[in-house]
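Coordinates from my_file_22.txt are shown below (compact mmCIF, N, CA and C atoms and all ligand atoms).
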```
# COMPACT_ATOMS: atom_id res chain seq x y z
N MET A 25 0.54 -70.26 72.48
CA MET A 25 0.26 -68.89 72.93
C MET A 25 1.54 -68.25 73.42
N GLU A 26 1.94 -67.27 72.74
CA GLU A 26 3.11 -66.54 73.19
C GLU A 26 2.67 -65.23 73.81
N ASN A 27 3.26 -65.00 74.93
CA ASN A 27 2.81 -63.82 75.67
C ASN A 27 3.88 -62.75 75.75
N GLU A 28 4.80 -62.82 74.85
CA GLU A 28 5.87 -61.84 74.93
C GLU A 28 5.73 -60.82 73.81
N ARG A 29 6.14 -59.65 74.12
CA ARG A 29 6.06 -58.58 73.15
C ARG A 29 7.46 -58.15 72.75
N GLU A 30 7.53 -57.69 71.56
CA GLU A 30 8.79 -57.14 71.12
C GLU A 30 8.97 -55.76 71.74
N MET A 31 10.12 -55.57 72.32
CA MET A 31 10.36 -54.25 72.90
C MET A 31 11.11 -53.41 71.88
N THR A 32 10.38 -52.58 71.24
CA THR A 32 10.98 -51.72 70.21
C THR A 32 11.03 -50.30 70.73
N GLY A 33 12.04 -49.64 70.27
CA GLY A 33 12.17 -48.24 70.64
C GLY A 33 12.46 -48.03 72.11
N ALA A 34 13.07 -49.02 72.74
CA ALA A 34 13.37 -48.87 74.16
C ALA A 34 14.85 -48.54 74.35
N GLU A 35 15.34 -47.73 73.49
CA GLU A 35 16.73 -47.33 73.59
C GLU A 35 16.91 -46.43 74.82
N GLN A 36 18.08 -46.59 75.42
CA GLN A 36 18.30 -45.72 76.56
C GLN A 36 18.64 -44.33 76.09
N GLN A 37 18.16 -43.39 76.82
CA GLN A 37 18.39 -42.01 76.45
C GLN A 37 19.29 -41.37 77.49
N PRO A 38 20.21 -40.56 77.03
CA PRO A 38 21.05 -39.83 78.00
C PRO A 38 20.25 -38.73 78.66
N ALA A 39 19.49 -39.13 79.66
CA ALA A 39 18.56 -38.17 80.26
C ALA A 39 19.29 -37.10 81.05
N GLU A 40 20.12 -37.54 81.97
CA GLU A 40 20.83 -36.56 82.78
C GLU A 40 22.33 -36.84 82.69
N ALA A 41 22.90 -36.35 81.65
CA ALA A 41 24.33 -36.56 81.43
C ALA A 41 25.10 -35.27 81.67
N ALA A 42 24.58 -34.46 82.54
CA ALA A 42 25.22 -33.17 82.78
C ALA A 42 26.54 -33.34 83.52
N SER A 43 26.58 -34.31 84.40
CA SER A 43 27.80 -34.52 85.18
C SER A 43 28.52 -35.77 84.69
N ALA A 44 28.67 -35.88 83.41
CA ALA A 44 29.35 -37.03 82.84
C ALA A 44 30.84 -36.81 82.91
N PRO A 45 31.55 -37.69 83.56
CA PRO A 45 32.98 -37.48 83.70
C PRO A 45 33.77 -37.86 82.44
N ALA A 46 33.19 -38.73 81.65
CA ALA A 46 33.92 -39.20 80.49
C ALA A 46 34.01 -38.10 79.43
N ALA A 47 35.09 -38.11 78.71
CA ALA A 47 35.29 -37.09 77.68
C ALA A 47 34.61 -37.47 76.38
N GLN A 48 34.36 -38.73 76.23
CA GLN A 48 33.75 -39.15 74.97
C GLN A 48 32.27 -38.74 74.94
N PRO A 49 31.80 -38.39 73.79
CA PRO A 49 30.41 -37.92 73.70
C PRO A 49 29.42 -39.03 74.00
N ALA A 50 28.47 -38.68 74.78
CA ALA A 50 27.41 -39.65 75.07
C ALA A 50 26.56 -39.85 73.82
N GLY A 51 25.95 -41.00 73.78
CA GLY A 51 25.16 -41.32 72.59
C GLY A 51 24.03 -40.34 72.38
N ARG A 52 24.22 -39.51 71.43
CA ARG A 52 23.14 -38.54 71.19
C ARG A 52 22.14 -39.13 70.22
N PRO A 53 20.96 -38.73 70.33
CA PRO A 53 19.94 -39.28 69.43
C PRO A 53 20.11 -38.79 68.01
N ALA A 54 20.68 -39.65 67.23
CA ALA A 54 20.88 -39.30 65.82
C ALA A 54 19.63 -39.63 65.01
N PHE A 55 18.52 -39.36 65.61
CA PHE A 55 17.26 -39.72 64.96
C PHE A 55 16.78 -38.56 64.12
N ARG A 56 17.21 -38.54 62.95
CA ARG A 56 16.64 -37.56 62.04
C ARG A 56 15.80 -38.33 61.03
N GLN A 57 14.54 -38.18 61.14
CA GLN A 57 13.66 -38.96 60.27
C GLN A 57 13.81 -38.51 58.83
N ASN A 58 13.42 -39.40 57.99
CA ASN A 58 13.61 -39.15 56.58
C ASN A 58 12.78 -37.97 56.08
N GLY A 59 11.69 -37.73 56.76
CA GLY A 59 10.81 -36.66 56.30
C GLY A 59 11.42 -35.31 56.53
N VAL A 60 12.10 -34.83 55.56
CA VAL A 60 12.76 -33.55 55.70
C VAL A 60 11.71 -32.45 55.70
N ASN A 61 11.00 -32.38 54.62
CA ASN A 61 9.90 -31.45 54.55
C ASN A 61 8.85 -32.10 53.65
N ARG A 62 7.92 -32.78 54.30
CA ARG A 62 7.01 -33.62 53.51
C ARG A 62 5.96 -32.79 52.78
N LYS A 63 5.93 -31.53 53.08
CA LYS A 63 4.93 -30.71 52.40
C LYS A 63 5.41 -30.35 51.02
N LYS A 64 4.84 -31.00 50.07
CA LYS A 64 5.16 -30.69 48.70
C LYS A 64 4.06 -29.81 48.16
N ARG A 65 4.45 -28.76 47.59
CA ARG A 65 3.45 -27.80 47.11
C ARG A 65 2.61 -28.46 46.04
N LYS A 66 1.34 -28.61 46.35
CA LYS A 66 0.43 -29.19 45.38
C LYS A 66 -0.20 -28.08 44.57
N VAL A 67 -0.26 -28.28 43.31
CA VAL A 67 -0.87 -27.27 42.46
C VAL A 67 -2.08 -27.89 41.79
N CYS A 68 -3.09 -27.08 41.68
CA CYS A 68 -4.33 -27.56 41.06
C CYS A 68 -4.05 -27.95 39.62
N GLN A 69 -4.41 -29.17 39.30
CA GLN A 69 -4.10 -29.66 37.96
C GLN A 69 -4.92 -28.96 36.89
N PHE A 70 -6.07 -28.50 37.28
CA PHE A 70 -6.92 -27.83 36.29
C PHE A 70 -6.45 -26.41 36.06
N CYS A 71 -6.01 -25.78 37.13
CA CYS A 71 -5.44 -24.44 36.98
C CYS A 71 -4.16 -24.51 36.15
N ALA A 72 -3.41 -25.57 36.37
CA ALA A 72 -2.12 -25.70 35.70
C ALA A 72 -2.27 -25.77 34.19
N GLU A 73 -3.35 -26.38 33.77
CA GLU A 73 -3.53 -26.48 32.32
C GLU A 73 -4.62 -25.54 31.81
N ASN A 74 -4.93 -24.57 32.64
CA ASN A 74 -5.87 -23.52 32.22
C ASN A 74 -7.21 -24.06 31.76
N ALA A 75 -7.70 -25.04 32.47
CA ALA A 75 -8.98 -25.62 32.08
C ALA A 75 -10.11 -24.69 32.50
N LYS A 76 -10.95 -24.39 31.57
CA LYS A 76 -12.08 -23.51 31.90
C LYS A 76 -13.23 -24.30 32.48
N SER A 77 -13.44 -25.46 31.92
CA SER A 77 -14.49 -26.32 32.47
C SER A 77 -13.95 -27.75 32.49
N ILE A 78 -14.54 -28.53 33.35
CA ILE A 78 -14.10 -29.91 33.49
C ILE A 78 -15.06 -30.81 32.73
N ASP A 79 -14.52 -31.57 31.84
CA ASP A 79 -15.35 -32.41 30.98
C ASP A 79 -15.71 -33.69 31.71
N TYR A 80 -17.00 -33.92 31.84
CA TYR A 80 -17.42 -35.13 32.55
C TYR A 80 -17.19 -36.37 31.71
N LYS A 81 -16.94 -36.20 30.43
CA LYS A 81 -16.70 -37.36 29.56
C LYS A 81 -15.23 -37.80 29.61
N ASP A 82 -14.41 -36.96 30.20
CA ASP A 82 -12.98 -37.29 30.27
C ASP A 82 -12.73 -38.18 31.49
N THR A 83 -13.11 -39.43 31.36
CA THR A 83 -13.05 -40.33 32.52
C THR A 83 -11.62 -40.64 32.93
N ALA A 84 -10.72 -40.61 31.97
CA ALA A 84 -9.32 -40.89 32.31
C ALA A 84 -8.81 -39.87 33.32
N LYS A 85 -9.23 -38.64 33.13
CA LYS A 85 -8.80 -37.59 34.06
C LYS A 85 -9.59 -37.66 35.37
N LEU A 86 -10.88 -37.89 35.24
CA LEU A 86 -11.71 -37.91 36.45
C LEU A 86 -11.28 -39.03 37.39
N ARG A 87 -10.81 -40.10 36.82
CA ARG A 87 -10.40 -41.25 37.64
C ARG A 87 -9.25 -40.91 38.57
N LYS A 88 -8.49 -39.90 38.21
CA LYS A 88 -7.37 -39.52 39.08
C LYS A 88 -7.86 -38.83 40.34
N PHE A 89 -9.10 -38.42 40.33
CA PHE A 89 -9.62 -37.66 41.47
C PHE A 89 -10.65 -38.44 42.26
N ILE A 90 -10.72 -39.72 42.01
CA ILE A 90 -11.58 -40.56 42.85
C ILE A 90 -10.73 -41.66 43.46
N SER A 91 -11.16 -42.09 44.63
CA SER A 91 -10.39 -43.11 45.34
C SER A 91 -10.68 -44.48 44.75
N ASP A 92 -10.02 -45.48 45.30
CA ASP A 92 -10.26 -46.83 44.79
C ASP A 92 -11.64 -47.34 45.21
N ARG A 93 -12.23 -46.67 46.17
CA ARG A 93 -13.62 -46.99 46.51
C ARG A 93 -14.58 -46.09 45.76
N ALA A 94 -14.08 -45.47 44.74
CA ALA A 94 -14.87 -44.62 43.84
C ALA A 94 -15.43 -43.38 44.53
N LYS A 95 -14.76 -42.93 45.57
CA LYS A 95 -15.20 -41.71 46.22
C LYS A 95 -14.39 -40.53 45.69
N ILE A 96 -14.99 -39.40 45.75
CA ILE A 96 -14.30 -38.20 45.31
C ILE A 96 -13.24 -37.84 46.35
N LEU A 97 -12.03 -37.69 45.89
CA LEU A 97 -10.95 -37.38 46.82
C LEU A 97 -11.04 -35.92 47.27
N PRO A 98 -10.73 -35.67 48.52
CA PRO A 98 -10.76 -34.28 48.99
C PRO A 98 -9.63 -33.47 48.38
N LYS A 99 -9.82 -32.19 48.38
CA LYS A 99 -8.82 -31.35 47.73
C LYS A 99 -7.52 -31.30 48.51
N ARG A 100 -7.58 -31.65 49.78
CA ARG A 100 -6.32 -31.70 50.54
C ARG A 100 -5.44 -32.84 50.06
N VAL A 101 -6.04 -33.81 49.39
CA VAL A 101 -5.26 -34.92 48.86
C VAL A 101 -4.76 -34.59 47.45
N THR A 102 -5.65 -34.09 46.65
CA THR A 102 -5.29 -33.89 45.25
C THR A 102 -4.67 -32.53 44.98
N GLY A 103 -4.94 -31.57 45.86
CA GLY A 103 -4.40 -30.25 45.64
C GLY A 103 -5.24 -29.39 44.73
N THR A 104 -6.40 -29.89 44.40
CA THR A 104 -7.29 -29.12 43.53
C THR A 104 -7.78 -27.87 44.27
N CYS A 105 -7.89 -26.79 43.57
CA CYS A 105 -8.36 -25.57 44.22
C CYS A 105 -9.87 -25.65 44.43
N ALA A 106 -10.36 -24.74 45.23
CA ALA A 106 -11.77 -24.79 45.63
C ALA A 106 -12.71 -24.69 44.44
N LYS A 107 -12.36 -23.81 43.55
CA LYS A 107 -13.23 -23.59 42.40
C LYS A 107 -13.31 -24.85 41.54
N HIS A 108 -12.15 -25.43 41.28
CA HIS A 108 -12.14 -26.61 40.42
C HIS A 108 -12.63 -27.85 41.16
N GLN A 109 -12.47 -27.85 42.47
CA GLN A 109 -12.99 -28.99 43.23
C GLN A 109 -14.51 -29.03 43.13
N ARG A 110 -15.13 -27.87 43.16
CA ARG A 110 -16.58 -27.81 43.00
C ARG A 110 -17.00 -28.33 41.64
N GLU A 111 -16.31 -27.84 40.62
CA GLU A 111 -16.65 -28.28 39.27
C GLU A 111 -16.34 -29.76 39.08
N LEU A 112 -15.26 -30.19 39.69
CA LEU A 112 -14.87 -31.59 39.58
C LEU A 112 -15.92 -32.50 40.20
N ALA A 113 -16.42 -32.09 41.35
CA ALA A 113 -17.44 -32.90 42.01
C ALA A 113 -18.68 -33.03 41.14
N ILE A 114 -19.04 -31.92 40.52
CA ILE A 114 -20.21 -31.96 39.63
C ILE A 114 -19.92 -32.86 38.45
N ALA A 115 -18.72 -32.73 37.89
CA ALA A 115 -18.37 -33.54 36.72
C ALA A 115 -18.35 -35.02 37.05
N ILE A 116 -17.84 -35.36 38.22
CA ILE A 116 -17.79 -36.77 38.61
C ILE A 116 -19.20 -37.31 38.82
N LYS A 117 -20.03 -36.52 39.47
CA LYS A 117 -21.40 -36.96 39.71
C LYS A 117 -22.15 -37.11 38.39
N ARG A 118 -21.87 -36.19 37.49
CA ARG A 118 -22.51 -36.27 36.17
C ARG A 118 -22.03 -37.52 35.44
N ALA A 119 -20.75 -37.80 35.54
CA ALA A 119 -20.21 -38.99 34.88
C ALA A 119 -20.77 -40.26 35.49
N ARG A 120 -21.03 -40.23 36.79
CA ARG A 120 -21.65 -41.40 37.43
C ARG A 120 -23.06 -41.60 36.90
N THR A 121 -23.76 -40.51 36.77
CA THR A 121 -25.15 -40.60 36.34
C THR A 121 -25.27 -41.24 34.97
N VAL A 122 -24.36 -40.90 34.09
CA VAL A 122 -24.42 -41.48 32.76
C VAL A 122 -23.54 -42.72 32.67
N ALA A 123 -23.17 -43.25 33.81
CA ALA A 123 -22.48 -44.54 33.92
C ALA A 123 -21.12 -44.58 33.24
N LEU A 124 -20.46 -43.44 33.21
CA LEU A 124 -19.09 -43.45 32.69
C LEU A 124 -18.12 -43.93 33.77
N ILE A 125 -18.38 -43.55 35.00
CA ILE A 125 -17.62 -44.09 36.12
C ILE A 125 -18.61 -44.64 37.13
N SER A 126 -18.11 -45.55 37.95
CA SER A 126 -19.03 -46.27 38.82
C SER A 126 -19.21 -45.55 40.15
N TYR A 127 -20.30 -45.87 40.81
CA TYR A 127 -20.57 -45.32 42.13
C TYR A 127 -19.74 -46.00 43.19
N THR A 128 -19.49 -47.27 43.00
CA THR A 128 -18.74 -48.05 43.97
C THR A 128 -17.57 -48.74 43.28
N SER A 129 -16.75 -49.37 44.08
CA SER A 129 -15.56 -50.01 43.51
C SER A 129 -15.93 -51.29 42.76
N ASP A 130 -17.01 -51.91 43.15
CA ASP A 130 -17.37 -53.17 42.51
C ASP A 130 -18.32 -52.96 41.34
ZN ZN B 201 -7.95 -24.88 40.00
```
Could you show the structure in this file as structure tokens?
Ligand SMILES: [Zn+2]
Amino acid sequence: MENEREMTGAEQQPAEAASAPAAQPAGRPAFRQNGVNRKKRKVCQFCAENAKSIDYKDTAKLRKFISDRAKILPKRVTGTCAKHQRELAIAIKRARTVALISYTSD
């Protein structure tokens, strides 16, 4: 049984270095995370290809919009617009009914 924890992120911070006599710069937090701008503009894939209707038989495409647990992914994940998300949900449910895609992952 080990009862010790790793102390991570316990770097000292120059909290009050206003009256620092030294001329050398105090350690400034050079913490710039990699995420510069993580918001990548998502565009609706159906709008992009001018799809008028979503084919429920196109399982290869429908599979891109369901999770690994066979759930319909929300549009905030896929970037699908509201109109196509509605049609997509219907198409996926229709495909499930005719057993083209499964209800569950197993
Ligand atoms: Zn769309």
Spatial neighbours of Cys68 (chain A), max dist 8 Å, all atoms listed in the file, sep filter under 2 positions, as a count of residues only: 13
Pick from A:Lys107, A:Lys95, A:Lys64, A:Lys117, whichever lies nearest to ligand ZN 201 (chain B) using all atoms listed in the file: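 Answer, going by the shortest atom-to-atom distance: A:Lys107.
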Nearest candidate to ligand ZN 201 (chain B) (options A:Leu112, A:Leu86, A:Leu97, A:Ala123; using only C-alpha atoms and all ligand atoms): A:Leu112
Counting only N, CA and C atoms and all ligand atoms, the residue of A:Asp82, A:Gln109, A:Pro98, A:Ile90 that sits nearest ligand ZN 201 (chain B):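 Result for the nearest residue to ligand ZN 201 (chain B): A:Gln109.
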Interatomic distance (Å, one decimal) between CA of Gln69 (chain A) and CA of Tyr127 (chain A):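 It comes out at 23.1 Å.
Residues surrounding Lys81 (chain A) within 8 Å are Lys85, Leu86, Ala115, Ile116, Arg118, Ala119 and Leu124 of chain A [only N, CA and C atoms; sequence separation below 4 positions excluded].
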Gap from CA of Ser77 (chain A) to CA of Glu111 (chain A) - Å, one decimal: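 Here the two named atoms are 7.4 Å from each other.
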Interatomic distance, CA of Ala84 (chain A) to CA of Ile125 (chain A) (Å, one decimal): 9.7 Å
